[in-house]
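**Student:** The following file, model-v6.cif, comprises mmCIF, C-alpha atoms:
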```cif
data_start
#
loop_
_atom_site.label_atom_id
_atom_site.label_comp_id
_atom_site.auth_asym_id
_atom_site.auth_seq_id
_atom_site.Cartn_x
_atom_site.Cartn_y
_atom_site.Cartn_z
CA MET L 89 73.35 108.36 176.69
CA SER L 90 71.75 111.45 175.10
CA ALA L 91 74.28 113.44 177.15
CA LEU L 92 76.83 112.29 174.56
CA ALA L 93 74.70 113.18 171.54
CA ASP L 94 75.87 116.82 171.58
CA PRO L 95 79.27 117.74 170.04
CA THR L 96 79.88 120.58 172.55
CA ARG L 97 79.39 118.16 175.44
CA ARG L 98 81.75 115.64 173.83
CA ALA L 99 84.33 118.44 173.40
CA ILE L 100 83.91 119.36 177.08
CA LEU L 101 84.57 115.74 178.07
CA ALA L 102 87.64 115.64 175.81
CA ARG L 103 88.98 118.77 177.54
CA LEU L 104 88.29 117.27 180.99
CA SER L 105 90.13 114.08 180.01
CA GLN L 106 93.26 116.31 180.16
CA GLY L 107 92.46 117.43 183.72
CA ALA L 108 89.93 119.32 185.86
CA ALA L 109 88.80 122.75 184.64
CA THR L 110 86.61 125.66 185.72
CA VAL L 111 83.51 126.76 183.80
CA ASN L 112 85.45 129.76 182.42
CA GLU L 113 88.26 127.52 181.17
CA LEU L 114 85.75 125.16 179.59
CA ALA L 115 83.87 128.00 177.89
CA GLU L 116 87.00 129.58 176.38
CA PRO L 117 87.29 127.56 173.14
CA PHE L 118 83.56 127.84 172.37
CA ASP L 119 81.67 130.72 170.84
CA ILE L 120 78.76 130.22 173.24
CA SER L 121 77.62 131.95 176.43
CA LEU L 122 78.58 130.91 179.97
CA PRO L 123 74.93 130.10 180.84
CA SER L 124 74.84 127.80 177.79
CA ILE L 125 78.04 126.05 178.95
CA SER L 126 76.50 125.73 182.42
CA ARG L 127 73.46 124.02 180.93
CA HIS L 128 75.71 121.53 179.13
CA LEU L 129 77.56 120.90 182.40
CA LYS L 130 74.26 120.22 184.18
CA VAL L 131 73.38 117.57 181.58
CA LEU L 132 76.82 115.96 181.93
CA GLU L 133 76.56 116.07 185.73
CA GLY L 134 73.06 114.54 185.58
CA ALA L 135 74.45 111.68 183.47
CA GLY L 136 77.22 111.12 186.05
CA LEU L 137 79.88 111.95 183.44
CA ILE L 138 81.34 114.84 185.42
CA SER L 139 81.43 115.93 189.05
CA ARG L 140 81.97 119.43 190.39
CA GLY L 141 84.12 120.65 193.27
CA ARG L 142 82.58 122.08 196.45
CA ASN L 143 84.43 125.42 196.29
CA ALA L 144 81.48 127.78 195.73
CA GLN L 145 83.42 130.24 193.62
CA TRP L 146 85.28 127.95 191.22
CA ARG L 147 83.57 124.56 191.36
CA PRO L 148 86.08 122.89 189.02
CA CYS L 149 84.66 120.17 186.79
CA LYS L 150 86.18 116.71 186.78
CA LEU L 151 85.64 113.82 184.38
CA GLU L 152 83.89 110.77 185.88
CA THR L 153 84.48 107.77 183.67
CA ALA L 154 82.32 105.09 185.37
CA PRO L 155 79.35 105.49 182.94
CA LEU L 156 81.69 105.31 179.93
CA GLU L 157 83.30 102.21 181.40
CA ARG L 158 79.85 100.58 181.64
CA VAL L 159 79.19 101.39 177.97
CA ASP L 160 82.61 99.94 177.12
CA ASP L 161 81.75 96.72 179.01
CA TRP L 162 78.40 96.52 177.26
CA LEU L 163 80.02 96.97 173.84
CA GLN L 164 82.20 93.92 174.50
CA ALA L 165 79.45 91.59 173.21
CA TYR L 166 79.27 93.51 169.91
CA ARG L 167 82.94 94.14 169.28
CA LYS L 168 83.32 90.81 167.45
CA PHE L 169 81.25 92.25 164.59
CA TRP L 170 83.86 94.82 163.65
CA THR L 171 87.04 93.15 164.86
CA GLY L 172 86.17 89.71 163.44
CA SER L 173 86.59 90.80 159.83
CA PHE L 174 90.12 92.07 160.52
CA ASP L 175 91.00 88.81 162.30
CA ARG L 176 89.79 86.89 159.26
CA MET L 177 91.76 89.20 156.95
CA ASP L 178 94.88 88.68 159.10
CA ALA L 179 94.42 84.91 158.82
CA TYR L 180 93.93 85.21 155.06
CA LEU L 181 97.04 87.39 154.63
CA ALA L 182 99.06 84.99 156.79
CA GLU L 183 97.85 82.16 154.55
CA LEU L 184 98.80 84.11 151.38
CA THR L 185 102.30 84.93 152.54
CA LYS L 186 103.04 81.43 153.85
CA ALA L 187 105.66 79.48 151.88
CA PRO L 188 103.84 76.98 149.61
CA GLU L 189 104.00 73.38 150.76
CA GLY L 190 103.61 70.88 147.88
CA GLY L 191 100.25 70.95 146.11
CA SER L 192 99.74 72.84 142.84
CA LYS L 193 102.64 74.80 141.41
CA GLN L 194 102.38 77.89 139.27
CA MET Q 61 72.32 107.23 172.01
CA SER Q 62 68.99 107.36 173.89
CA ALA Q 63 68.02 104.35 171.76
CA LEU Q 64 70.29 102.34 174.07
CA ALA Q 65 68.89 103.80 177.30
CA ASP Q 66 66.03 101.27 177.36
CA PRO Q 67 66.67 97.72 178.69
CA THR Q 68 64.11 96.14 176.30
CA ARG Q 69 65.89 97.71 173.33
CA ARG Q 70 69.26 96.48 174.61
CA ALA Q 71 67.75 92.98 174.99
CA ILE Q 72 66.44 93.17 171.40
CA LEU Q 73 69.94 94.08 170.17
CA ALA Q 74 71.42 91.19 172.17
CA ARG Q 75 68.95 88.80 170.51
CA LEU Q 76 69.78 90.21 167.06
CA SER Q 77 73.50 89.76 167.72
CA GLN Q 78 72.69 86.02 167.45
CA GLY Q 79 71.07 86.48 164.03
CA ALA Q 80 68.15 88.12 162.19
CA ALA Q 81 64.66 87.71 163.68
CA THR Q 82 61.05 88.59 162.94
CA VAL Q 83 58.98 90.90 165.15
CA ASN Q 84 57.12 87.88 166.56
CA GLU Q 85 60.37 86.13 167.45
CA LEU Q 86 61.68 89.30 169.09
CA ALA Q 87 58.47 89.79 171.09
CA GLU Q 88 58.38 86.22 172.44
CA PRO Q 89 60.62 86.62 175.54
CA PHE Q 90 58.95 89.88 176.62
CA ASP Q 91 55.68 90.38 178.43
CA ILE Q 92 54.77 93.36 176.25
CA SER Q 93 52.48 93.85 173.25
CA LEU Q 94 53.53 93.56 169.60
CA PRO Q 95 52.75 97.27 168.98
CA SER Q 96 55.07 98.14 171.86
CA ILE Q 97 57.83 95.96 170.39
CA SER Q 98 57.23 97.66 167.03
CA ARG Q 99 57.71 101.06 168.65
CA HIS Q 100 61.04 99.91 170.14
CA LEU Q 101 62.08 98.63 166.69
CA LYS Q 102 61.24 101.99 165.13
CA VAL Q 103 63.52 103.74 167.66
CA LEU Q 104 66.34 101.26 166.94
CA GLU Q 105 65.81 101.63 163.19
CA GLY Q 106 65.83 105.45 163.52
CA ALA Q 107 69.17 105.22 165.35
CA GLY Q 108 70.57 103.05 162.55
CA LEU Q 109 71.09 100.16 164.98
CA ILE Q 110 68.86 97.75 163.06
CA SER Q 111 67.61 97.41 159.50
CA ARG Q 112 64.51 95.58 158.31
CA GLY Q 113 64.03 93.27 155.32
CA ARG Q 114 61.86 94.24 152.37
CA ASN Q 115 59.51 91.22 152.58
CA ALA Q 116 56.25 92.96 153.50
CA GLN Q 117 54.90 90.09 155.58
CA TRP Q 118 57.97 89.18 157.69
CA ARG Q 119 60.37 92.13 157.50
CA PRO Q 120 63.08 90.36 159.52
CA CYS Q 121 65.20 92.65 161.72
CA LYS Q 122 68.98 92.64 161.43
CA LEU Q 123 71.60 94.19 163.69
CA GLU Q 124 73.56 97.10 162.15
CA THR Q 125 76.72 97.67 164.16
CA ALA Q 126 78.17 100.79 162.48
CA PRO Q 127 76.81 103.23 165.15
CA LEU Q 128 78.17 101.01 167.95
CA GLU Q 129 81.52 100.86 166.20
CA ARG Q 130 81.64 104.68 166.14
CA VAL Q 131 80.92 104.76 169.91
CA ASP Q 132 83.66 102.17 170.40
CA ASP Q 133 86.12 104.34 168.43
CA TRP Q 134 85.14 107.41 170.42
CA LEU Q 135 85.63 105.55 173.72
CA GLN Q 136 89.23 104.80 172.72
CA ALA Q 137 90.38 108.18 174.10
CA TYR Q 138 88.84 107.42 177.50
CA ARG Q 139 89.77 103.77 177.88
CA LYS Q 140 93.11 104.65 179.49
CA PHE Q 141 91.18 105.81 182.57
CA TRP Q 142 89.94 102.34 183.45
CA THR Q 143 92.61 100.15 181.87
CA GLY Q 144 95.55 102.20 183.17
CA SER Q 145 94.98 101.19 186.79
CA PHE Q 146 95.11 97.48 185.84
CA ASP Q 147 98.30 98.02 183.85
CA ARG Q 148 99.85 99.70 186.87
CA MET Q 149 98.65 96.86 189.13
CA ASP Q 150 100.14 94.31 186.71
CA ALA Q 151 103.47 96.15 186.83
CA TYR Q 152 103.30 96.27 190.63
CA LEU Q 153 102.48 92.55 190.90
CA ALA Q 154 105.30 91.72 188.48
CA GLU Q 155 107.62 93.77 190.68
CA LEU Q 156 106.41 91.99 193.85
CA THR Q 157 106.88 88.49 192.43
CA LYS Q 158 110.30 89.19 190.90
CA ALA Q 159 113.20 87.36 192.54
CA PRO Q 160 114.99 89.82 194.83
CA GLU Q 161 118.33 91.10 193.49
CA GLY Q 162 120.72 92.25 196.20
CA GLY Q 163 119.54 95.22 198.30
CA SER Q 164 117.88 94.74 201.68
CA LYS Q 165 117.21 91.22 202.91
CA GLN Q 166 114.43 90.20 205.27
#
```
Can you dump the structure from the file as structure tokens?
**Tutor:**
Amino acid sequence: MSALADPTRRAILARLSQGAATVNELAEPFDISLPSISRHLKVLEGAGLISRGRNAQWRPCKLETAPLERVDDWLQAYRKFWTGSFDRMDAYLAELTKAPEGGSKQ
Amino acid sequence: MSALADPTRRAILARLSQGAATVNELAEPFDISLPSISRHLKVLEGAGLISRGRNAQWRPCKLETAPLERVDDWLQAYRKFWTGSFDRMDAYLAELTKAPEGGSKQ
């Protein structure tokens, strides 16, 4: 997943999540050269995170989400570690706000 | 995230999700040397995915989920791409199984 380690590449993916775009469109918000953007696109394409159109002149880039979906599936087994504490807090808050039934009074 | 690109390292994380373990315990299920396991642990430790105890002899390894949680947060923006189609299918199935109201009969 080193393709995702670079902030420019993550920004490119975020842009493509809004729809397909050409290299020129993708380069616009960045203060870096077109060849540099092309190198980032090659890394993303190599990781299967984007695909490029066949039209030789424009070759629009398109987001491919299958690898991200696999990461998301894999994370499933670990999600309990950061959602569990909120579930426990929810249960605790529910307990706190419950009307008292008998027992000690204060 | 190249720390996660290796299947042995992912298996080590899966083991640690069950609880802390020593290097020997982690090495047991794998047909690879202790030094090799130690190298994998160094990569995981460098990525912040595990931490190691201070006890010089045992130094038990412990899962640290903060980096995975950040990935999970980041994926949030992309999740619509693979959950959306199921939501639409649910809506379609709900539509199909709804009792017909007027309109064409067959």
**Student:** Can you tell me, as an MDAnalysis selection string, what residues are no more than 10 Å from region 131-147 of chain L when counting only C-alpha atoms, ignoring any on the same chain fewer than 6 positions away?
**Tutor:** chainID L and resid 89:92 97:98 100:101 104 108:112 153:156
**Student:** Report, in Å with one decimal, the straight-line distance from CA of Ala99 (chain L) to CA of Ile125 (chain L).
**Tutor:** 11.3 Å
**Student:** Which residues, written as a PyMOL selection string, have at least one atom at most 9 Å from Val159 (chain L), with all atoms listed in the file counted and residues fewer than 4 positions away on the same chain left out?
**Tutor:** (chain L and resi 154-155+163-164) or (chain Q and resi 131-132+135)
**Student:** So how many Å separate CA of Ala102 (chain L) and CA of Glu152 (chain L), to one decimal?
**Tutor:** 11.8 Å
**Student:** So which residues touch Gly107 (chain L) within 9 Å, counting all atoms listed in the file, skipping near sequence neighbours fewer than 2 positions away, as a list in words?
**Tutor:**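 Counting all atoms listed in the file, the residues come to Arg103, Leu104, Ser105, Ala109, Cys149, Lys150 and Leu151 of chain L.
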